[in-house]
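A quick write-up on the structure given underneath.
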Amino acid sequence: LNPSTNSNHNSCSFISLLYNQHTMRPSTLNVRKAAHAGSWYMRDPQSLNQQMQQFLDNVSEEKNRQLHQGAHTKAIIGPHAGFSYSAQTAAFAYKFLDTEKYNKIVFMGPSHRKYIRGVALCASHEIETPLGNLRVDRESVDEMANRMDVKFQKLDLNEEEQEHCLEMHFPWVAKMFEKRLDKISVIPLIVGDLSSQSAKEYASVLLPLLESDDVLFVVSSDFCHWGDRFDYTHYEKKYGAIYQSIEAVDRMGMEKISTLDPDEFRAYLKTYHNTICGRNPILLLMQMMTLVSDGKFKMEWLHYAQSSQVIDAGDSSVSYASGVLQMQG
């Protein structure tokens, strides 16, 4: 969420495919518009590309030393506020991706506009970004939609475009995969409320994607939303100023996520009630971790920032963190 009081959001949709009998491609495409371009991030391709390149250039190569050489990145966690607030943090997650290794990207983010129970599928066939469009893997999306054992919700195109959390990552993928845009496809997922049982069910459906070497997961989440307007003012004076307390509580959450044990993260959320908006997609990723070999994956946090440093109880801020989930060789 943007820390400013003005709320901006995006959306997703579903229509029947009308195939051309010769090409077997949809003759009518559901294109998800870049609804937040021009407000949350630049619409002009050249200006946006230059800005994003500067964010990437600002990331020190020394950060790469935190990553395990020879390990394979399977997922990243990054923020989704307006670029002026959070794009520098997001750049840390994207900077060291070896884009030649991936042919499919699965996006998972929370819903800010509509209550969703479980996981919702998009309606789009194609996703517009100022840096080039992304092709949706409709075959995989439709296969999930038609499952009888696990029920997926469906968003319409308007709902898809209103939700901003995934849109803030689409330009990053277009930028990083600029030389291979025609070779990749994407699966956008909005993750709502999950029971322990439903988390296990969705994790089992998504596990084959996680285990595929050419699939990258992008999990969209901001961290603490602090202040009266967010109805969250938890403050522990032992850490110092309010912003220091916010960081301490956020980093506790990051440590729990690094355990890759969803029960540890749930216990943390129950204790601190931290307003991590992407807690459900993070929990779903962690649930998938319970289905793979112990010790095979490791989470590395590369950057943390706040929209402002809160000193006075009347102020507010949003926190951002970027991390990389790696599979050991």
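Note on naming: chains are A, B, ... as they come in the structure tokens, residues start from 1 per chain, ligands start from 1 in the order shown.
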
Near stretch 94-107 of chain A, counting only C-alpha atoms, which residues have an atom at most 8 Å away, once you skip same-chain residues fewer than 5 positions from it, shown as a CSV table (one decimal) with N, CA, C and O atoms, in the first residue's frame?
chain,number,residue,atom,x,y,z
A,56,LEU,N,18.3,-0.3,-10.1
A,56,LEU,CA,19.1,-1.5,-10.2
A,56,LEU,C,20.6,-1.1,-10.0
A,56,LEU,O,21.3,-1.8,-9.3
A,59,VAL,N,22.0,-0.8,-6.4
A,59,VAL,CA,22.2,-2.0,-5.6
A,59,VAL,C,23.6,-2.4,-5.7
A,59,VAL,O,24.1,-2.8,-6.8
A,64,ASN,N,25.3,-9.3,-3.7
A,64,ASN,CA,25.3,-10.6,-4.3
A,64,ASN,C,26.1,-11.6,-3.4
A,64,ASN,O,25.8,-12.8,-3.5
A,73,THR,N,17.5,-19.4,-7.5
A,73,THR,CA,16.5,-18.6,-6.9
A,73,THR,C,15.1,-19.1,-7.4
A,73,THR,O,14.8,-19.2,-8.6
A,76,ILE,N,11.0,-14.7,-5.0
A,76,ILE,CA,11.4,-13.5,-4.4
A,76,ILE,C,10.2,-12.9,-3.7
A,76,ILE,O,9.0,-13.2,-4.0
A,166,LEU,N,-0.1,-6.8,-7.7
A,166,LEU,CA,0.7,-7.5,-8.8
A,166,LEU,C,1.2,-6.6,-9.8
A,166,LEU,O,2.3,-6.8,-10.4
A,172,TRP,N,8.7,-4.8,-13.5
A,172,TRP,CA,10.0,-5.3,-13.2
A,172,TRP,C,10.3,-6.6,-14.0
A,172,TRP,O,11.4,-6.8,-14.5
A,176,MET,N,13.3,-6.9,-16.5
A,176,MET,CA,14.4,-7.9,-16.3
A,176,MET,C,14.4,-9.0,-17.5
A,176,MET,O,15.5,-9.5,-17.8
A,177,PHE,N,13.2,-9.2,-18.1
A,177,PHE,CA,13.1,-10.3,-19.1
A,177,PHE,C,13.0,-9.6,-20.5
A,177,PHE,O,12.4,-10.2,-21.4
A,183,LYS,N,9.3,-15.3,-24.8
A,183,LYS,CA,9.6,-16.7,-24.4
A,183,LYS,C,9.0,-17.0,-23.1
A,183,LYS,O,9.0,-18.2,-22.7
A,184,ILE,N,8.5,-16.1,-22.3
A,184,ILE,CA,8.0,-16.3,-21.0
A,184,ILE,C,6.5,-16.2,-20.9
A,184,ILE,O,5.9,-15.5,-21.8
A,185,SER,N,5.9,-16.8,-19.9
A,185,SER,CA,4.4,-16.6,-19.6
A,185,SER,C,4.3,-16.4,-18.1
A,185,SER,O,5.2,-16.7,-17.3
A,186,VAL,N,3.1,-15.9,-17.7
A,186,VAL,CA,2.9,-15.6,-16.3
A,186,VAL,C,1.6,-16.2,-15.8
A,186,VAL,O,0.6,-16.4,-16.6
A,187,ILE,N,1.5,-16.4,-14.5
A,187,ILE,CA,0.3,-16.9,-13.8
A,187,ILE,C,0.1,-16.0,-12.7
A,187,ILE,O,0.7,-16.1,-11.6
A,188,PRO,N,-0.9,-15.0,-12.8
A,188,PRO,CA,-1.2,-14.1,-11.7
A,188,PRO,C,-2.2,-14.7,-10.7
A,188,PRO,O,-3.3,-15.2,-11.1
A,189,LEU,N,-1.9,-14.8,-9.4
A,189,LEU,CA,-2.8,-15.3,-8.4
A,189,LEU,C,-3.0,-14.3,-7.3
A,189,LEU,O,-2.0,-13.7,-6.8
A,213,ASP,N,12.2,-26.3,-12.5
A,213,ASP,CA,13.4,-25.5,-12.5
A,213,ASP,C,13.2,-24.1,-13.3
A,213,ASP,O,13.9,-23.2,-12.9
A,214,ASP,N,12.3,-24.1,-14.2
A,214,ASP,CA,12.2,-22.9,-15.0
A,214,ASP,C,11.0,-22.0,-14.6
A,214,ASP,O,10.6,-21.1,-15.3
A,215,VAL,N,10.6,-22.2,-13.3
A,215,VAL,CA,9.5,-21.4,-12.8
A,215,VAL,C,10.0,-20.5,-11.6
A,215,VAL,O,10.6,-21.0,-10.7
A,216,LEU,N,9.6,-19.2,-11.7
A,216,LEU,CA,10.0,-18.3,-10.6
A,216,LEU,C,8.7,-17.8,-9.9
A,216,LEU,O,7.7,-17.5,-10.6
A,217,PHE,N,8.7,-17.8,-8.6
A,217,PHE,CA,7.5,-17.3,-7.9
A,217,PHE,C,7.9,-15.8,-7.4
A,217,PHE,O,9.0,-15.6,-6.9
A,218,VAL,N,6.9,-14.9,-7.6
A,218,VAL,CA,7.1,-13.5,-7.2
A,218,VAL,C,6.0,-13.3,-6.1
A,218,VAL,O,4.8,-13.3,-6.5
A,219,VAL,N,6.3,-13.1,-4.9
A,219,VAL,CA,5.4,-12.8,-3.8
A,219,VAL,C,5.4,-11.3,-3.5
A,219,VAL,O,6.4,-10.8,-3.2
A,220,SER,N,4.2,-10.7,-3.6
A,220,SER,CA,4.1,-9.3,-3.4
A,220,SER,C,3.5,-9.0,-2.0
A,220,SER,O,2.5,-9.4,-1.6

Exercise. Residues of stretch 227-323 of chain A in strand (DSSP E or B) according to DSSP, as a ChimeraX atom specification?
Worked result: /A:227,232,297-306,317-323

Go ahead and save the residues from that selection, with all heavy atoms, as a compact mmCIF listing (two decimals), in the first residue's frame.
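For reference, again-v4.txt as written:
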# COMPACT_ATOMS: atom_id res chain seq x y z
N GLY A 227 0.24 3.31 12.19
CA GLY A 227 -0.42 4.60 12.39
C GLY A 227 -1.90 4.43 12.61
O GLY A 227 -2.48 3.37 12.34
N TYR A 232 -3.19 0.43 13.54
CA TYR A 232 -2.09 -0.36 14.12
C TYR A 232 -1.05 0.58 14.69
O TYR A 232 -0.38 1.31 13.93
CB TYR A 232 -1.45 -1.28 13.08
CG TYR A 232 -0.42 -2.23 13.68
CD1 TYR A 232 -0.81 -3.34 14.40
CD2 TYR A 232 0.94 -1.99 13.50
CE1 TYR A 232 0.14 -4.21 14.96
CE2 TYR A 232 1.90 -2.86 14.04
CZ TYR A 232 1.48 -3.96 14.77
OH TYR A 232 2.41 -4.81 15.31
N PHE A 297 15.93 -25.39 0.93
CA PHE A 297 15.69 -23.99 0.60
C PHE A 297 16.16 -23.08 1.73
O PHE A 297 16.12 -23.45 2.90
CB PHE A 297 14.20 -23.74 0.35
CG PHE A 297 13.68 -24.37 -0.92
CD1 PHE A 297 13.26 -25.68 -0.94
CD2 PHE A 297 13.61 -23.63 -2.09
CE1 PHE A 297 12.77 -26.26 -2.09
CE2 PHE A 297 13.12 -24.21 -3.26
CZ PHE A 297 12.71 -25.52 -3.26
N LYS A 298 16.58 -21.88 1.34
CA LYS A 298 17.00 -20.89 2.33
C LYS A 298 16.56 -19.51 1.89
O LYS A 298 16.70 -19.14 0.72
CB LYS A 298 18.51 -20.91 2.52
CG LYS A 298 18.98 -19.99 3.64
CD LYS A 298 20.46 -20.13 3.94
CE LYS A 298 20.87 -19.21 5.09
NZ LYS A 298 22.32 -19.34 5.40
N MET A 299 16.04 -18.73 2.87
CA MET A 299 15.58 -17.37 2.60
C MET A 299 16.65 -16.37 2.99
O MET A 299 17.22 -16.45 4.09
CB MET A 299 14.31 -17.10 3.42
CG MET A 299 13.61 -15.80 3.07
SD MET A 299 12.67 -15.96 1.55
CE MET A 299 12.48 -14.23 1.11
N GLU A 300 16.95 -15.44 2.08
CA GLU A 300 17.91 -14.37 2.35
C GLU A 300 17.21 -13.03 2.18
O GLU A 300 16.62 -12.77 1.13
CB GLU A 300 19.11 -14.45 1.39
CG GLU A 300 20.00 -15.65 1.58
CD GLU A 300 20.90 -15.54 2.80
OE1 GLU A 300 20.95 -14.45 3.42
OE2 GLU A 300 21.55 -16.55 3.16
N TRP A 301 17.29 -12.17 3.21
CA TRP A 301 16.72 -10.83 3.13
C TRP A 301 17.79 -9.84 2.70
O TRP A 301 18.88 -9.80 3.27
CB TRP A 301 16.12 -10.43 4.48
CG TRP A 301 14.95 -11.29 4.84
CD1 TRP A 301 14.94 -12.36 5.69
CD2 TRP A 301 13.62 -11.17 4.33
NE1 TRP A 301 13.69 -12.92 5.76
CE2 TRP A 301 12.86 -12.22 4.93
CE3 TRP A 301 12.99 -10.30 3.43
CZ2 TRP A 301 11.50 -12.39 4.65
CZ3 TRP A 301 11.65 -10.48 3.15
CH2 TRP A 301 10.92 -11.51 3.75
N LEU A 302 17.49 -9.07 1.66
CA LEU A 302 18.50 -8.21 1.04
C LEU A 302 18.33 -6.72 1.35
O LEU A 302 19.29 -5.97 1.24
CB LEU A 302 18.48 -8.42 -0.48
CG LEU A 302 18.82 -9.83 -0.94
CD1 LEU A 302 18.68 -9.92 -2.47
CD2 LEU A 302 20.20 -10.25 -0.51
N HIS A 303 17.11 -6.31 1.71
CA HIS A 303 16.91 -4.88 1.95
C HIS A 303 15.66 -4.65 2.78
O HIS A 303 14.69 -5.40 2.69
CB HIS A 303 16.79 -4.12 0.63
CG HIS A 303 16.94 -2.64 0.76
ND1 HIS A 303 15.88 -1.77 0.67
CD2 HIS A 303 18.03 -1.87 0.99
CE1 HIS A 303 16.31 -0.53 0.81
NE2 HIS A 303 17.61 -0.56 1.01
N TYR A 304 15.70 -3.58 3.58
CA TYR A 304 14.56 -3.18 4.40
C TYR A 304 14.52 -1.66 4.41
O TYR A 304 15.56 -0.99 4.49
CB TYR A 304 14.69 -3.71 5.83
CG TYR A 304 13.60 -3.21 6.76
CD1 TYR A 304 12.37 -3.85 6.82
CD2 TYR A 304 13.81 -2.09 7.56
CE1 TYR A 304 11.35 -3.38 7.65
CE2 TYR A 304 12.80 -1.61 8.40
CZ TYR A 304 11.58 -2.27 8.44
OH TYR A 304 10.59 -1.80 9.27
N ALA A 305 13.32 -1.09 4.32
CA ALA A 305 13.17 0.37 4.33
C ALA A 305 11.79 0.74 4.86
O ALA A 305 10.89 -0.10 4.93
CB ALA A 305 13.36 0.94 2.92
N GLN A 306 11.65 2.00 5.23
CA GLN A 306 10.37 2.54 5.67
C GLN A 306 10.06 3.80 4.87
O GLN A 306 10.98 4.54 4.49
CB GLN A 306 10.40 2.85 7.18
CG GLN A 306 10.58 1.63 8.05
CD GLN A 306 10.80 1.98 9.52
OE1 GLN A 306 10.94 3.14 9.89
NE2 GLN A 306 10.83 0.95 10.37
N SER A 317 3.56 5.28 8.69
CA SER A 317 4.56 4.80 7.73
C SER A 317 4.18 3.42 7.24
O SER A 317 3.33 2.74 7.82
CB SER A 317 5.96 4.75 8.37
OG SER A 317 6.05 3.65 9.28
N VAL A 318 4.81 3.03 6.14
CA VAL A 318 4.70 1.67 5.61
C VAL A 318 6.12 1.14 5.43
O VAL A 318 7.01 1.87 5.01
CB VAL A 318 3.94 1.64 4.26
CG1 VAL A 318 3.86 0.21 3.73
CG2 VAL A 318 2.55 2.24 4.41
N SER A 319 6.30 -0.13 5.77
CA SER A 319 7.63 -0.75 5.65
C SER A 319 7.71 -1.64 4.42
O SER A 319 6.70 -2.20 3.98
CB SER A 319 7.93 -1.61 6.89
OG SER A 319 7.78 -0.86 8.08
N TYR A 320 8.93 -1.76 3.89
CA TYR A 320 9.16 -2.56 2.69
C TYR A 320 10.37 -3.47 2.92
O TYR A 320 11.38 -3.04 3.50
CB TYR A 320 9.43 -1.65 1.48
CG TYR A 320 8.47 -0.50 1.38
CD1 TYR A 320 8.91 0.81 1.53
CD2 TYR A 320 7.11 -0.72 1.16
CE1 TYR A 320 8.02 1.88 1.44
CE2 TYR A 320 6.22 0.34 1.08
CZ TYR A 320 6.68 1.64 1.23
OH TYR A 320 5.80 2.68 1.17
N ALA A 321 10.28 -4.69 2.43
CA ALA A 321 11.41 -5.63 2.53
C ALA A 321 11.51 -6.44 1.25
O ALA A 321 10.50 -6.69 0.59
CB ALA A 321 11.24 -6.55 3.73
N SER A 322 12.72 -6.82 0.89
CA SER A 322 12.90 -7.69 -0.26
C SER A 322 13.77 -8.86 0.13
O SER A 322 14.76 -8.71 0.85
CB SER A 322 13.53 -6.93 -1.44
OG SER A 322 14.80 -6.41 -1.09
N GLY A 323 13.36 -10.03 -0.32
CA GLY A 323 14.09 -11.24 0.01
C GLY A 323 14.09 -12.22 -1.15
O GLY A 323 13.30 -12.11 -2.09

Exercise. For A:Lys256, work out the shell of residues within 8 Å, counting only C-alpha atoms and skipping chain neighbours fewer than 4 positions away, then give it as a ChimeraX atom specification.
Key: /A:252,260-261,264-265,268

Serialized selection, N, CA and C atoms, as a PDB file, in the first residue's frame:
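The resulting file, selection_13.pdb, is shown below:
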ATOM      1  N   MET A 252      11.481  -9.326  13.279  1.00  0.00           N
ATOM      2  CA  MET A 252      11.042 -10.572  13.913  1.00  0.00           C
ATOM      3  C   MET A 252      10.227 -11.394  12.923  1.00  0.00           C
ATOM      4  N   LEU A 260      10.781 -20.824   7.271  1.00  0.00           N
ATOM      5  CA  LEU A 260       9.991 -21.554   6.266  1.00  0.00           C
ATOM      6  C   LEU A 260       8.955 -22.469   6.902  1.00  0.00           C
ATOM      7  N   ASP A 261       8.626 -22.201   8.176  1.00  0.00           N
ATOM      8  CA  ASP A 261       7.617 -22.962   8.910  1.00  0.00           C
ATOM      9  C   ASP A 261       6.381 -22.072   9.061  1.00  0.00           C
ATOM     10  N   GLU A 264       5.198 -21.150  12.571  1.00  0.00           N
ATOM     11  CA  GLU A 264       6.012 -20.139  13.269  1.00  0.00           C
ATOM     12  C   GLU A 264       5.537 -18.734  12.878  1.00  0.00           C
ATOM     13  N   PHE A 265       5.271 -18.539  11.617  1.00  0.00           N
ATOM     14  CA  PHE A 265       4.822 -17.227  11.135  1.00  0.00           C
ATOM     15  C   PHE A 265       3.415 -16.925  11.641  1.00  0.00           C
ATOM     16  N   TYR A 268       3.643 -15.798  15.217  1.00  0.00           N
ATOM     17  CA  TYR A 268       4.147 -14.420  15.264  1.00  0.00           C
ATOM     18  C   TYR A 268       3.018 -13.429  14.974  1.00  0.00           C
TER      19      TYR A 268
END

Using only C-alpha atoms, the best pick from A:Phe230, A:Val150, A:Ala91, A:Gly132 as closest to A:Lys63 would be A:Ala91

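Of the listed residues A:Ala93, A:Gly70, A:Gly314, A:Leu181, the one whose atoms come nearest to A:Asp231 is A:Gly314, with distances taken using only C-alpha atoms.
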
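Shortest separation to A:Tyr235 among A:Ser86, A:Thr290, A:Asn58, A:Asn274 occurs at residue A:Asn274, atoms counted being only C-alpha atoms.
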
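With only C-alpha atoms as the atoms that count, the residue of A:Val249, A:Leu131, A:Leu121, A:Met327 with the shortest distance to A:Lys179 is A:Leu131.
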
Pairwise distance, atom CA of A:Phe55 with atom CA of A:Phe92, equals 8.6 Å

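Restricting the calculation to only C-alpha atoms, the smallest distance between A:Ser316 and any of A:His273, A:His225, A:Arg279, A:Arg251 is found for A:His225.
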
Residue with the minimum atom-to-atom distance to A:Leu155, picked from A:Val136, A:Ile116, A:Leu283, A:Ile311 with only C-alpha atoms counted, is A:Ile116
